[in-house]
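Undergrad: Dropping in my_file09.txt, which is compact mmCIF, C-alpha atoms:
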# COMPACT_ATOMS: atom_id res chain seq x y z
CA MET I 1 102.24 116.36 137.89
CA ARG I 2 101.34 119.52 139.81
CA PHE I 3 97.69 119.86 140.81
CA ILE I 4 95.33 121.55 143.28
CA VAL I 5 92.92 119.45 145.35
CA ASP I 6 90.05 120.21 147.71
CA PHE I 7 89.23 116.94 149.47
CA HIS I 8 86.31 117.99 151.65
CA ILE I 9 83.04 119.35 150.27
CA HIS I 10 79.35 118.53 150.65
CA SER I 11 76.56 117.74 148.21
CA LYS I 12 73.08 119.21 147.89
CA TYR I 13 71.91 116.39 150.20
CA SER I 14 73.67 117.80 153.26
CA ARG I 15 71.98 120.25 155.63
CA ALA I 16 72.29 123.95 154.79
CA THR I 17 73.83 123.36 151.38
CA SER I 18 73.12 124.99 148.04
CA PRO I 19 70.96 123.08 145.55
CA GLN I 20 73.75 123.89 143.08
CA MET I 21 76.05 121.40 144.76
CA ASP I 22 75.74 118.96 141.88
CA ILE I 23 78.38 117.33 139.69
CA LYS I 24 77.91 119.62 136.70
CA THR I 25 78.08 122.88 138.66
CA LEU I 26 80.93 121.70 140.84
CA SER I 27 83.01 120.84 137.78
CA GLU I 28 82.30 124.26 136.25
CA TYR I 29 83.44 126.11 139.37
CA ALA I 30 86.45 123.84 139.77
CA LYS I 31 87.62 124.89 136.29
CA LEU I 32 87.09 128.58 137.06
CA LYS I 33 89.09 128.31 140.26
CA GLY I 34 91.82 126.06 138.89
CA ILE I 35 91.01 123.01 141.03
CA HIS I 36 92.05 119.77 139.34
CA LEU I 37 90.73 117.27 141.88
CA LEU I 38 87.67 117.46 144.14
CA GLY I 39 86.47 115.25 146.94
CA SER I 40 83.07 113.86 146.04
CA GLY I 41 81.67 114.41 149.52
CA ASP I 42 78.66 112.60 150.97
CA PHE I 43 79.14 109.19 149.37
CA THR I 44 77.11 107.68 152.23
CA HIS I 45 73.89 109.32 150.93
CA TYR I 46 72.12 106.98 148.53
CA LEU I 47 70.78 109.70 146.22
CA TRP I 48 74.15 111.42 145.89
CA LEU I 49 75.84 108.07 145.39
CA GLN I 50 73.44 107.35 142.53
CA GLU I 51 74.43 110.63 140.88
CA LEU I 52 78.13 109.97 141.44
CA LYS I 53 77.81 106.56 139.79
CA GLN I 54 75.77 108.01 136.95
CA TYR I 55 78.04 110.92 136.02
CA LEU I 56 81.58 109.99 137.07
CA LYS I 57 83.77 107.99 134.73
CA ASP I 58 86.27 105.59 136.26
CA SER I 59 89.83 106.74 135.48
CA GLY I 60 91.27 103.36 136.40
CA ASP I 61 93.56 104.82 139.10
CA GLY I 62 91.21 105.09 142.05
CA LEU I 63 89.91 108.46 140.81
CA TYR I 64 86.93 109.45 138.68
CA GLU I 65 86.34 112.15 136.07
CA TYR I 66 83.60 114.44 134.84
CA ASN I 67 84.05 117.14 132.21
CA GLY I 68 87.81 117.32 132.66
CA VAL I 69 87.73 117.49 136.48
CA LYS I 70 88.85 114.54 138.60
CA PHE I 71 87.02 113.38 141.72
CA ILE I 72 88.17 111.28 144.69
CA LEU I 73 85.48 109.43 146.66
CA THR I 74 85.06 110.97 150.12
CA GLY I 75 82.41 111.20 152.79
CA GLU I 76 82.16 112.77 156.23
CA ILE I 77 80.81 110.93 159.26
CA SER I 78 79.59 112.54 162.48
CA ASN I 79 80.52 110.20 165.33
CA ILE I 80 78.45 111.00 168.43
CA TYR I 81 79.03 108.78 171.46
CA SER I 82 80.03 108.73 175.12
CA LYS I 83 83.60 108.01 176.21
CA ASN I 84 85.43 108.51 179.49
CA GLY I 85 82.38 110.12 181.05
CA LYS I 86 81.86 112.73 178.34
CA VAL I 87 79.72 113.02 175.22
CA ARG I 88 82.01 113.12 172.16
CA LYS I 89 81.13 114.61 168.79
CA ILE I 90 83.86 113.87 166.26
CA HIS I 91 83.74 114.39 162.49
CA ASN I 92 85.88 112.13 160.31
CA ILE I 93 86.51 112.17 156.56
CA ILE I 94 86.61 108.77 154.85
CA PHE I 95 88.53 108.29 151.59
CA ALA I 96 87.74 105.24 149.42
CA PRO I 97 89.48 103.94 146.25
CA GLY I 98 86.35 102.80 144.41
CA PHE I 99 82.57 102.43 144.37
CA ASP I 100 82.84 98.76 145.33
CA ILE I 101 84.48 99.79 148.61
CA VAL I 102 81.94 102.61 149.10
CA ASP I 103 79.07 100.13 148.74
CA LYS I 104 80.60 97.95 151.46
CA ILE I 105 81.12 100.95 153.72
CA ASN I 106 77.51 102.04 153.34
CA SER I 107 76.14 98.54 153.84
CA THR I 108 78.11 98.20 157.08
CA LEU I 109 77.49 101.68 158.52
CA SER I 110 73.75 101.54 157.81
CA ALA I 111 73.46 99.29 160.85
CA TYR I 112 74.68 102.13 163.08
CA GLY I 113 72.75 105.14 161.79
CA ASN I 114 70.33 106.48 159.20
CA LEU I 115 72.58 107.23 156.22
CA SER I 116 69.74 108.78 154.24
CA ALA I 117 68.95 111.42 156.88
CA ASP I 118 71.77 113.74 155.82
CA GLY I 119 74.80 113.88 153.55
CA ARG I 120 76.92 113.90 156.70
CA PRO I 121 75.17 111.18 158.73
CA ILE I 122 75.30 110.73 162.49
CA ILE I 123 76.74 107.39 163.56
CA GLY I 124 76.45 106.30 167.18
CA MET I 125 79.86 104.69 167.24
CA ASP I 126 83.20 105.30 168.92
CA ALA I 127 85.67 106.82 166.43
CA LYS I 128 88.10 104.04 167.30
CA ASP I 129 85.49 101.42 166.40
CA LEU I 130 84.78 103.24 163.14
CA VAL I 131 88.42 102.84 162.10
CA GLU I 132 88.40 99.18 163.08
CA ILE I 133 85.27 98.48 161.04
CA LEU I 134 86.53 100.40 158.00
CA PHE I 135 89.87 98.59 158.01
CA GLY I 136 87.93 95.34 158.18
CA ILE I 137 86.45 96.31 154.82
CA SER I 138 89.71 97.47 153.21
CA ARG I 139 93.11 98.67 154.37
CA ASP I 140 93.06 101.03 151.37
CA ILE I 141 90.48 103.19 153.14
CA PHE I 142 92.01 106.40 154.55
CA ILE I 143 90.59 108.26 157.56
CA VAL I 144 91.24 111.93 158.39
CA PRO I 145 89.77 113.69 161.46
CA ALA I 146 87.96 116.77 160.16
CA HIS I 147 88.44 120.44 161.21
CA ILE I 148 90.18 119.21 164.33
CA TRP I 149 89.90 122.35 166.50
CA THR I 150 86.32 123.58 166.03
CA PRO I 151 84.46 123.67 169.37
CA HIS I 152 81.42 121.48 168.79
CA PHE I 153 82.29 118.63 166.41
CA SER I 154 85.98 117.81 166.28
CA LEU I 155 88.87 115.76 167.62
CA PHE I 156 90.27 118.51 169.88
CA GLY I 157 87.16 120.70 170.14
CA SER I 158 86.66 122.50 173.45
CA ASN I 159 83.10 121.21 173.91
CA SER I 160 83.35 117.54 173.02
CA GLY I 161 86.89 116.66 171.97
CA PHE I 162 89.93 114.91 173.39
CA ASP I 163 93.35 116.05 174.60
CA SER I 164 95.28 113.58 172.44
CA ILE I 165 94.99 111.40 169.35
CA GLU I 166 95.59 108.32 171.50
CA GLU I 167 92.71 109.10 173.86
CA CYS I 168 90.35 109.12 170.89
CA PHE I 169 91.64 106.38 168.58
CA GLU I 170 93.53 104.21 171.09
CA GLU I 171 95.44 101.42 169.29
CA TYR I 172 94.41 102.85 165.91
CA ALA I 173 96.09 106.20 166.55
CA LYS I 174 99.07 104.87 164.59
CA ASP I 175 96.79 104.48 161.55
CA ILE I 176 95.85 108.17 161.45
CA TYR I 177 98.34 109.94 159.18
CA ALA I 178 96.69 113.27 158.35
CA LEU I 179 94.60 115.91 160.10
CA GLU I 180 92.39 118.64 158.64
CA THR I 181 93.23 121.98 160.27
CA GLY I 182 89.88 123.72 159.58
CA LEU I 183 89.16 127.31 158.60
CA SER I 184 89.84 128.76 162.06
CA SER I 185 93.40 127.43 162.33
CA ASP I 186 96.37 127.19 159.98
CA PRO I 187 99.44 124.91 160.00
CA GLY I 188 101.49 127.46 161.93
CA MET I 189 99.09 127.22 164.86
CA ASN I 190 99.27 123.40 164.76
CA TRP I 191 103.08 123.46 164.70
CA ARG I 192 102.98 124.77 168.25
CA TRP I 193 102.02 121.29 169.52
CA SER I 194 104.84 118.79 169.09
CA LYS I 195 102.49 115.80 169.25
CA LEU I 196 101.16 116.77 165.82
CA ASP I 197 104.57 116.80 164.10
CA ARG I 198 104.15 113.40 162.47
CA PHE I 199 100.86 114.25 160.76
CA ALA I 200 100.31 115.72 157.31
CA LEU I 201 98.14 118.81 157.79
CA ILE I 202 95.58 119.17 155.01
CA SER I 203 93.30 122.12 154.32
CA ASN I 204 89.94 121.98 152.56
CA SER I 205 86.94 124.19 151.96
CA ASP I 206 84.26 122.06 153.68
CA SER I 207 82.13 123.94 151.18
CA HIS I 208 78.33 124.02 151.16
CA SER I 209 78.11 126.07 147.94
CA PRO I 210 80.04 125.84 144.67
CA GLN I 211 81.30 129.41 144.98
CA LYS I 212 83.21 128.45 148.15
CA ILE I 213 85.11 125.41 146.91
CA GLY I 214 88.85 125.89 147.11
CA ARG I 215 88.74 128.57 149.81
CA GLU I 216 91.28 126.23 151.36
CA ALA I 217 93.15 123.67 149.29
CA ASN I 218 96.27 121.52 148.87
CA ILE I 219 99.00 121.65 146.22
CA PHE I 220 100.58 118.34 145.16
CA ASP I 221 103.29 117.44 142.68
CA THR I 222 102.89 113.72 142.14
CA GLU I 223 101.02 111.22 140.02
CA MET I 224 97.31 112.02 140.19
CA SER I 225 96.07 108.67 141.48
CA TYR I 226 94.47 107.47 144.69
CA ASN I 227 97.46 105.40 145.78
CA SER I 228 100.00 108.14 145.06
CA ILE I 229 98.01 110.79 146.92
CA ILE I 230 97.48 108.57 149.98
CA ASP I 231 101.13 107.51 149.97
CA THR I 232 102.19 111.17 149.82
CA LEU I 233 100.04 111.97 152.85
CA LYS I 234 101.19 108.92 154.79
CA LYS I 235 104.83 109.83 154.23
CA LYS I 236 104.22 113.57 154.65
CA ASP I 237 106.50 113.98 151.65
CA PRO I 238 107.45 117.66 151.10
CA LYS I 239 108.67 116.91 147.58
CA ARG I 240 105.20 115.76 146.57
CA PHE I 241 102.98 117.69 149.03
CA LEU I 242 104.14 121.23 148.24
CA TYR I 243 101.97 123.53 150.35
CA THR I 244 98.45 124.35 151.48
CA ILE I 245 96.30 127.36 150.70
CA GLU I 246 94.77 128.82 153.85
CA PHE I 247 92.13 131.20 155.07
CA PHE I 248 93.51 133.84 157.38
CA PRO I 249 92.48 131.84 160.48
CA GLU I 250 91.12 134.98 162.14
CA GLU I 251 88.44 134.96 159.43
CA GLY I 252 87.19 131.54 160.59
CA LYS I 253 84.01 131.59 162.61
CA TYR I 254 85.49 129.94 165.70
CA HIS I 255 88.90 131.61 165.99
CA TYR I 256 88.21 133.67 169.13
CA ASP I 257 86.09 132.83 172.16
CA GLY I 258 82.76 134.46 172.79
CA HIS I 259 79.01 134.50 173.00
CA ARG I 260 77.39 135.73 169.81
CA VAL I 261 73.91 136.49 171.18
CA CYS I 262 75.49 138.83 173.74
CA ASN I 263 78.00 140.32 171.29
CA ILE I 264 80.91 139.15 173.44
CA ARG I 265 84.14 138.48 171.52
CA PHE I 266 87.17 137.59 173.65
CA GLU I 267 90.79 136.69 173.06
CA PRO I 268 91.91 133.83 175.35
CA LYS I 269 93.34 135.97 178.16
CA LEU I 270 89.99 137.79 178.53
CA THR I 271 88.17 134.47 178.62
CA ARG I 272 90.43 133.29 181.42
CA ALA I 273 89.92 136.56 183.27
CA HIS I 274 86.17 135.97 183.15
CA LYS I 275 86.54 132.28 184.10
CA ASN I 276 84.97 131.21 180.77
CA ILE I 277 81.67 132.90 181.69
CA CYS I 278 79.81 135.47 179.56
CA PRO I 279 79.75 138.77 181.51
CA VAL I 280 76.35 139.65 180.01
CA CYS I 281 74.21 136.54 180.54
CA GLY I 282 76.30 134.45 182.91
CA ARG I 283 76.34 131.40 180.61
CA PRO I 284 79.52 129.58 179.49
CA LEU I 285 81.41 131.13 176.58
CA THR I 286 82.14 129.14 173.43
CA VAL I 287 85.88 128.50 173.70
CA GLY I 288 87.37 128.90 170.24
CA VAL I 289 90.29 127.50 168.30
CA MET I 290 93.01 129.96 169.35
CA ASN I 291 92.31 129.32 173.03
CA ARG I 292 92.20 125.55 172.58
CA VAL I 293 95.52 125.53 170.70
CA GLU I 294 97.10 127.54 173.53
CA GLN I 295 95.82 125.01 176.08
CA LEU I 296 97.60 122.11 174.36
CA ALA I 297 100.61 123.83 172.76
CA ASP I 298 104.13 123.18 174.08
CA ARG I 299 105.90 125.65 171.75
CA GLU I 300 105.87 129.40 171.24
CA ASP I 301 103.91 131.08 168.47
CA GLY I 302 105.97 131.17 165.26
CA PHE I 303 107.76 127.86 165.78
CA THR I 304 108.79 126.02 162.62
CA LYS I 305 111.32 123.41 161.54
CA GLU I 306 112.58 121.60 158.47
CA GLY I 307 110.14 119.10 156.98
CA PHE I 308 106.98 121.01 157.80
CA ILE I 309 104.73 121.49 154.76
CA PRO I 310 104.57 125.27 154.11
CA TYR I 311 101.40 127.27 153.50
CA LYS I 312 100.14 130.46 151.88
CA ARG I 313 97.32 132.58 153.26
CA MET I 314 94.73 133.75 150.76
CA ILE I 315 91.39 135.51 150.56
CA PRO I 316 88.98 134.30 147.83
CA LEU I 317 88.75 136.66 144.86
CA SER I 318 85.03 137.32 145.33
CA GLU I 319 85.69 138.48 148.91
CA ILE I 320 88.50 140.75 147.73
CA ILE I 321 86.24 142.32 145.11
CA ALA I 322 83.44 142.75 147.67
CA ASP I 323 85.82 144.52 150.05
CA VAL I 324 87.20 146.77 147.30
CA TYR I 325 83.76 147.99 146.28
CA ASN I 326 82.20 147.78 149.75
CA VAL I 327 79.39 145.50 148.56
CA ALA I 328 78.15 142.08 149.65
CA ASP I 329 79.94 138.97 148.47
CA GLY I 330 77.55 137.40 145.96
CA SER I 331 76.22 140.76 144.72
CA LYS I 332 75.86 141.46 141.00
CA LYS I 333 78.81 143.86 141.17
CA VAL I 334 81.03 141.08 142.50
CA GLU I 335 79.76 138.61 139.90
CA SER I 336 80.37 141.11 137.10
CA GLU I 337 83.92 141.97 138.18
CA TYR I 338 84.79 138.33 138.84
CA SER I 339 83.54 137.30 135.38
CA ALA I 340 85.64 140.05 133.79
CA ILE I 341 88.77 138.56 135.36
CA VAL I 342 88.13 134.79 135.47
CA PRO I 343 88.72 133.01 133.16
CA ARG I 344 89.78 135.86 130.81
CA ILE I 345 93.05 136.46 132.71
CA GLY I 346 93.40 132.98 134.17
CA THR I 347 91.91 130.74 136.83
CA GLU I 348 91.20 132.24 140.25
CA PHE I 349 94.25 130.55 141.77
CA GLU I 350 96.47 131.80 138.96
CA VAL I 351 95.27 135.35 139.57
CA LEU I 352 95.57 135.17 143.36
CA ILE I 353 98.86 133.29 143.63
CA GLU I 354 100.84 132.99 140.41
CA LEU I 355 100.40 136.12 138.27
CA GLU I 356 103.31 138.55 138.63
CA GLU I 357 102.53 141.93 140.21
CA ASP I 358 103.18 143.90 137.03
CA GLU I 359 100.82 141.61 135.13
CA LEU I 360 98.14 142.05 137.77
CA LEU I 361 98.46 145.84 137.58
CA LYS I 362 98.23 145.77 133.78
CA LYS I 363 95.43 143.31 133.27
CA ILE I 364 92.83 143.84 135.99
CA PRO I 365 91.27 146.91 137.63
CA LEU I 366 93.87 148.77 139.67
CA LYS I 367 91.98 148.69 142.97
CA ILE I 368 91.49 144.93 142.77
CA ALA I 369 95.12 144.36 141.70
CA ARG I 370 96.41 146.39 144.64
CA ALA I 371 94.12 144.54 147.03
CA ILE I 372 95.42 141.16 145.77
CA ILE I 373 99.00 142.32 146.25
CA ASN I 374 98.21 143.49 149.77
CA VAL I 375 96.67 140.11 150.60
CA ARG I 376 99.79 138.34 149.28
CA LYS I 377 101.85 140.49 151.64
CA GLU I 378 99.41 139.72 154.47
CA LYS I 379 98.64 143.40 154.78
CA VAL I 380 95.07 143.01 155.99
CA LYS I 381 93.04 143.84 159.06
CA ILE I 382 90.68 141.26 160.52
CA LEU I 383 88.13 141.44 163.31
CA PRO I 384 88.35 137.79 164.40
CA GLY I 385 85.42 135.41 164.08
CA TYR I 386 83.84 133.87 167.18
CA ASP I 387 80.99 131.59 168.28
CA GLY I 388 79.81 130.81 164.74
CA GLU I 389 80.33 134.25 163.19
CA TYR I 390 82.95 134.73 160.48
CA GLY I 391 85.63 137.34 160.98
CA LYS I 392 85.43 140.64 159.13
CA ILE I 393 88.24 141.54 156.74
CA GLU I 394 89.47 144.95 155.65
CA ILE I 395 92.10 145.27 152.91
CA PRO I 396 93.90 148.62 152.50
CA LYS I 397 92.65 150.20 149.29
CA GLU I 398 95.53 152.40 148.14
CA GLU I 399 98.99 151.42 149.38
CA SER I 400 100.41 148.26 147.88
CA ASP I 401 104.13 148.22 148.65
CA SER I 402 104.15 147.67 152.39
CA ASP I 403 105.38 144.47 153.93
CA ARG I 404 103.70 144.96 157.26
CA GLN I 405 102.36 141.78 158.74
CA LEU I 406 98.82 140.81 159.69
CA ASP I 407 97.36 143.44 161.97
CA LEU I 408 94.36 142.56 164.13
CA PHE I 409 91.87 145.17 165.23
Taking this structure as input, can you express it in the form of structure tokens?
TA:
Amino acid sequence: MRFIVDFHIHSKYSRATSPQMDIKTLSEYAKLKGIHLLGSGDFTHYLWLQELKQYLKDSGDGLYEYNGVKFILTGEISNIYSKNGKVRKIHNIIFAPGFDIVDKINSTLSAYGNLSADGRPIIGMDAKDLVEILFGISRDIFIVPAHIWTPHFSLFGSNSGFDSIEECFEEYAKDIYALETGLSSDPGMNWRWSKLDRFALISNSDSHSPQKIGREANIFDTEMSYNSIIDTLKKKDPKRFLYTIEFFPEEGKYHYDGHRVCNIRFEPKLTRAHKNICPVCGRPLTVGVMNRVEQLADREDGFTKEGFIPYKRMIPLSEIIADVYNVADGSKKVESEYSAIVPRIGTEFEVLIELEEDELLKKIPLKIARAIINVRKEKVKILPGYDGEYGKIEIPKEESDSDRQLDLF
């Protein structure tokens, strides 16, 4: 069975999230976008867990269902601790096969942090110890380091991360099978580091609003059950894990280095030239994802080999419409145009990825159709994001038949 899944989202009980991040609204947006399976997010928060238990129906296969949309139980933990003389801030996604396991997880972790403080709670525990404790509850639990390159809270982040999986997880490194690439990197960037070859690279929205779910996602062709999905990831099976849907990583808010308050945006070679110091204020620059990948990579840009899970870059339809009409994403114009296309023509993913070009040109406004075609051909311009600011995208408005590659300002 072929399906689209977004494993990593947050509920209305996480900081800086929309109050619309509830089960009903999430299921409605999942149907519009064409997402078949959503991570529940935030199962460690008692209020969200109550709602999950109230609304989700057990499918009997380790998944749950509401209004025709399946859910897999997930939660994100912020591990903050000291190791090897440095403060570490690592985010990890926990997958669980049932509410009985979730209850045991929450009961155990409540001794190490205030789970009710936030949907993504802070736990003062070494990431290695977290894995050990979780496996003591159930070996069916699955752990994935989240957005592994972002500077402040990630496995390889420039500010608080490690230089290897083994340094972080020690003897449990062998039990980590998948990594989340994050919005500011894509699989191609991760392929440059041979030590990551054995891992399945997953991509998720990490969404804080229902409109943003699926901005990154994963395409599977397997039985839709907890065990089948986890087995597919553990085996990194390209016959069952077909591809990921990616942001253009330049659009991510930590792709380049820089200092936002001083309006300094640097590619890595400029950062090195300035010895990682902001030329305006003299404070350290935030070293972004591209720079960090280059520090650890042992292969040239563009490296690939057989067995790697492929990917497709995409821009969400609302952002394409906003660019076409030069209005803000979320404006009434965008909402009106989006509603005229989805679901009348198909789901958002069908429109962005599957619909043939001639069908696009016939069925939706010409400017939007041409913009979608240009995005498919990676004919876009992006001013890269840096230090917490998203990159700015420009899609050519008229030409649609060029195959020129991504062109950075």
Undergrad: Could you produce a table of the residues of range 209-232 of chain I lying within 12 Å of range 325-337 of chain I, with the nearest pair of atoms per residue and their separation in Å rounded to one decimal, using only C-alpha atoms, ordered by chain and increasing residue number, as a tab-separated table?
TA:
residue	atom	partner	partner_atom	distance
I:Ser209	CA	I:Gly330	CA	11.5
I:Pro210	CA	I:Gly330	CA	11.9
I:Gln211	CA	I:Gly330	CA	8.9
I:Lys212	CA	I:Gly330	CA	10.8
Undergrad: Looking at all atoms listed in the file, which of I:Leu37, I:Ile364, I:Ile23, I:Met1 is the one that sits closest to Tyr55 in chain I?
TA: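 Using all atoms listed in the file, Tyr55 in chain I sits closest to I:Ile23.
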Undergrad: Residues near range 146-161 of chain I, anyone? I mean within 7 Å using only C-alpha atoms, not counting same-chain ones fewer than 6 positions away, as an mmCIF file with C-alpha atoms, in the coordinates of the input.
TA:
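Dumped everything to result.cif:
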data_model
loop_
_atom_site.group_PDB
_atom_site.id
_atom_site.type_symbol
_atom_site.label_atom_id
_atom_site.label_comp_id
_atom_site.auth_asym_id
_atom_site.auth_seq_id
_atom_site.Cartn_x
_atom_site.Cartn_y
_atom_site.Cartn_z
ATOM 1 C CA VAL I 87 79.720 113.020 175.220
ATOM 2 C CA ARG I 88 82.010 113.120 172.160
ATOM 3 C CA LYS I 89 81.130 114.610 168.790
ATOM 4 C CA ILE I 90 83.860 113.870 166.260
ATOM 5 C CA HIS I 91 83.740 114.390 162.490
ATOM 6 C CA ASN I 92 85.880 112.130 160.310
ATOM 7 C CA ILE I 93 86.510 112.170 156.560
ATOM 8 C CA LEU I 179 94.600 115.910 160.100
ATOM 9 C CA GLU I 180 92.390 118.640 158.640
ATOM 10 C CA THR I 181 93.230 121.980 160.270
ATOM 11 C CA GLY I 182 89.880 123.720 159.580
ATOM 12 C CA TYR I 254 85.490 129.940 165.700
ATOM 13 C CA VAL I 287 85.880 128.500 173.700
ATOM 14 C CA GLY I 288 87.370 128.900 170.240
ATOM 15 C CA VAL I 289 90.290 127.500 168.300
ATOM 16 C CA ARG I 292 92.200 125.550 172.580
#
Undergrad: Go ahead and compute the interatomic distance for CA of Thr232 in chain I and CA of Leu73 in chain I, in Å to one decimal.
TA: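 CA of Thr232 in chain I sits 17.1 Å away from CA of Leu73 in chain I.
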Undergrad: Neighbours of Gly75 in chain I within 7 Å (all atoms listed in the file; same-chain residues fewer than 4 positions away dropped), as number ranges by chain?
TA: I: 41-44, 93-95
Undergrad: Nearest to Ile202 in chain I among I:Glu394, I:Asp22, I:Glu246, I:Asp175, with distances taken over only C-alpha atoms: which residue is it?
TA: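 Looking only at the distances to Ile202 in chain I, the closest residue turns out to be I:Glu246.
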Undergrad: Rank I:Ala96, I:Leu183, I:Leu26, I:Ile137 by their smallest atom-to-atom distance to Met290 in chain I, using only C-alpha atoms, and report the top residue only.
TA: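 So, comparing all the options, the nearest one is I:Leu183.
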Undergrad: With a cut-off of 7 Å, could you pull out the residues of range 71-184 of chain I touching range 12-21 of chain I and give me the nearest pair of atoms for each, distance in Å to one decimal, using all atoms listed in the file, ordered by chain and ascending number, as a tab-separated table?
TA:
residue	atom	partner	partner_atom	distance
I:Asp118	CA	I:Ser14	CA	5.2
I:Gly119	CA	I:Ser14	CA	4.1
I:Arg120	CA	I:Ser14	CA	6.1
Undergrad: Determine, counting all atoms listed in the file, which protein, DNA and RNA residues have an atom within 9 Å of an atom of Gly385 in chain I; residues of the same chain fewer than 5 positions away are not included. Present the result as a compact mmCIF listing (two decimals) with C-alpha atoms, keeping the file's coordinate frame.
TA:
# COMPACT_ATOMS: atom_id res chain seq x y z
CA SER I 184 89.84 128.76 162.06
CA PRO I 249 92.48 131.84 160.48
CA GLU I 250 91.12 134.98 162.14
CA GLU I 251 88.44 134.96 159.43
CA GLY I 252 87.19 131.54 160.59
CA LYS I 253 84.01 131.59 162.61
CA TYR I 254 85.49 129.94 165.70
CA HIS I 255 88.90 131.61 165.99
CA TYR I 256 88.21 133.67 169.13
CA ASP I 257 86.09 132.83 172.16
CA ARG I 265 84.14 138.48 171.52
CA TYR I 390 82.95 134.73 160.48
CA GLY I 391 85.63 137.34 160.98
CA LYS I 392 85.43 140.64 159.13
Undergrad: Find the distance between CA of Leu242 in chain I and CA of Pro187 in chain I and write it in Å to one decimal.
TA: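 Value for the CA of Leu242 in chain I-CA of Pro187 in chain I distance: 13.2 Å.
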Undergrad: Would you pick out the contacts of Asp140 in chain I at 10 Å or less, using all atoms listed in the file, so that residues sharing its chain but fewer than 4 positions from it are not included, and give the list as a compact mmCIF listing (two decimals) with C-alpha atoms, keeping the file's coordinate frame?
TA:
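File produced: part22.txt:
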# COMPACT_ATOMS: atom_id res chain seq x y z
CA PHE I 95 88.53 108.29 151.59
CA ALA I 96 87.74 105.24 149.42
CA PRO I 97 89.48 103.94 146.25
CA GLY I 98 86.35 102.80 144.41
CA ILE I 101 84.48 99.79 148.61
CA LEU I 134 86.53 100.40 158.00
CA PHE I 135 89.87 98.59 158.01
CA TYR I 226 94.47 107.47 144.69
CA ASN I 227 97.46 105.40 145.78
CA ILE I 230 97.48 108.57 149.98
Undergrad: Mind listing whatever residues come within 6 Å of the point (81.2, 115.1, 147.2)? Use all atoms listed in the file, file coordinates, and give them as a list in words.
TA: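 All residues meeting the 6 Å criterion around (81.2, 115.1, 147.2) are Ile9, His10, Ser11, Gly39, Ser40, Gly41 and Asp42 of chain I.
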Undergrad: Output C-alpha atoms for every residue in that selection, as a PDB file, in the frame of the given file.
TA:
ATOM      1  CA  ILE I   9      83.040 119.350 150.270  1.00  0.00           C
ATOM      2  CA  HIS I  10      79.350 118.530 150.650  1.00  0.00           C
ATOM      3  CA  SER I  11      76.560 117.740 148.210  1.00  0.00           C
ATOM      4  CA  GLY I  39      86.470 115.250 146.940  1.00  0.00           C
ATOM      5  CA  SER I  40      83.070 113.860 146.040  1.00  0.00           C
ATOM      6  CA  GLY I  41      81.670 114.410 149.520  1.00  0.00           C
ATOM      7  CA  ASP I  42      78.660 112.600 150.970  1.00  0.00           C
TER       8      ASP I  42
END
Undergrad: Tell me, in Å to one decimal, how far CA of Ile143 in chain I is from CA of Arg198 in chain I.
TA: 15.3 Å
Undergrad: Show me, as a list in words, the residues that have an atom within 12 Å of Cys281 in chain I when counting all atoms listed in the file, minus same-chain residues fewer than 6 positions from it.
TA: Gly258, His259, Arg260, Val261, Cys262, Asn263 and Ile264 of chain I
Undergrad: Restricting the calculation to all atoms listed in the file, which member of I:Gly346, I:Pro238, I:Gly34, I:Pro310 is positioned closest to Ser203 in chain I?
TA: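 Smallest separation from Ser203 in chain I among the options: I:Pro310.
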Undergrad: With all atoms listed in the file as the atoms that count, which of I:Leu352, I:Ile219, I:Leu109, I:Cys278 lies nearest to Val5 in chain I?
TA: I:Ile219
Undergrad: Given all atoms listed in the file as the basis, pick out the residue of I:Arg313, I:Ala217, I:Asn291, I:Tyr243 nearest to Phe266 in chain I.
TA: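 Nearest candidate to Phe266 in chain I out of I:Arg313, I:Ala217, I:Asn291, I:Tyr243: I:Asn291.
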Undergrad: Could you give me, as a PyMOL selection string, the residues that have an atom at most 6 Å away from the point (100.6, 113.5, 153.6) in the coordinates of the file, using all atoms listed in the file?
TA: chain I and resi 200+232-236
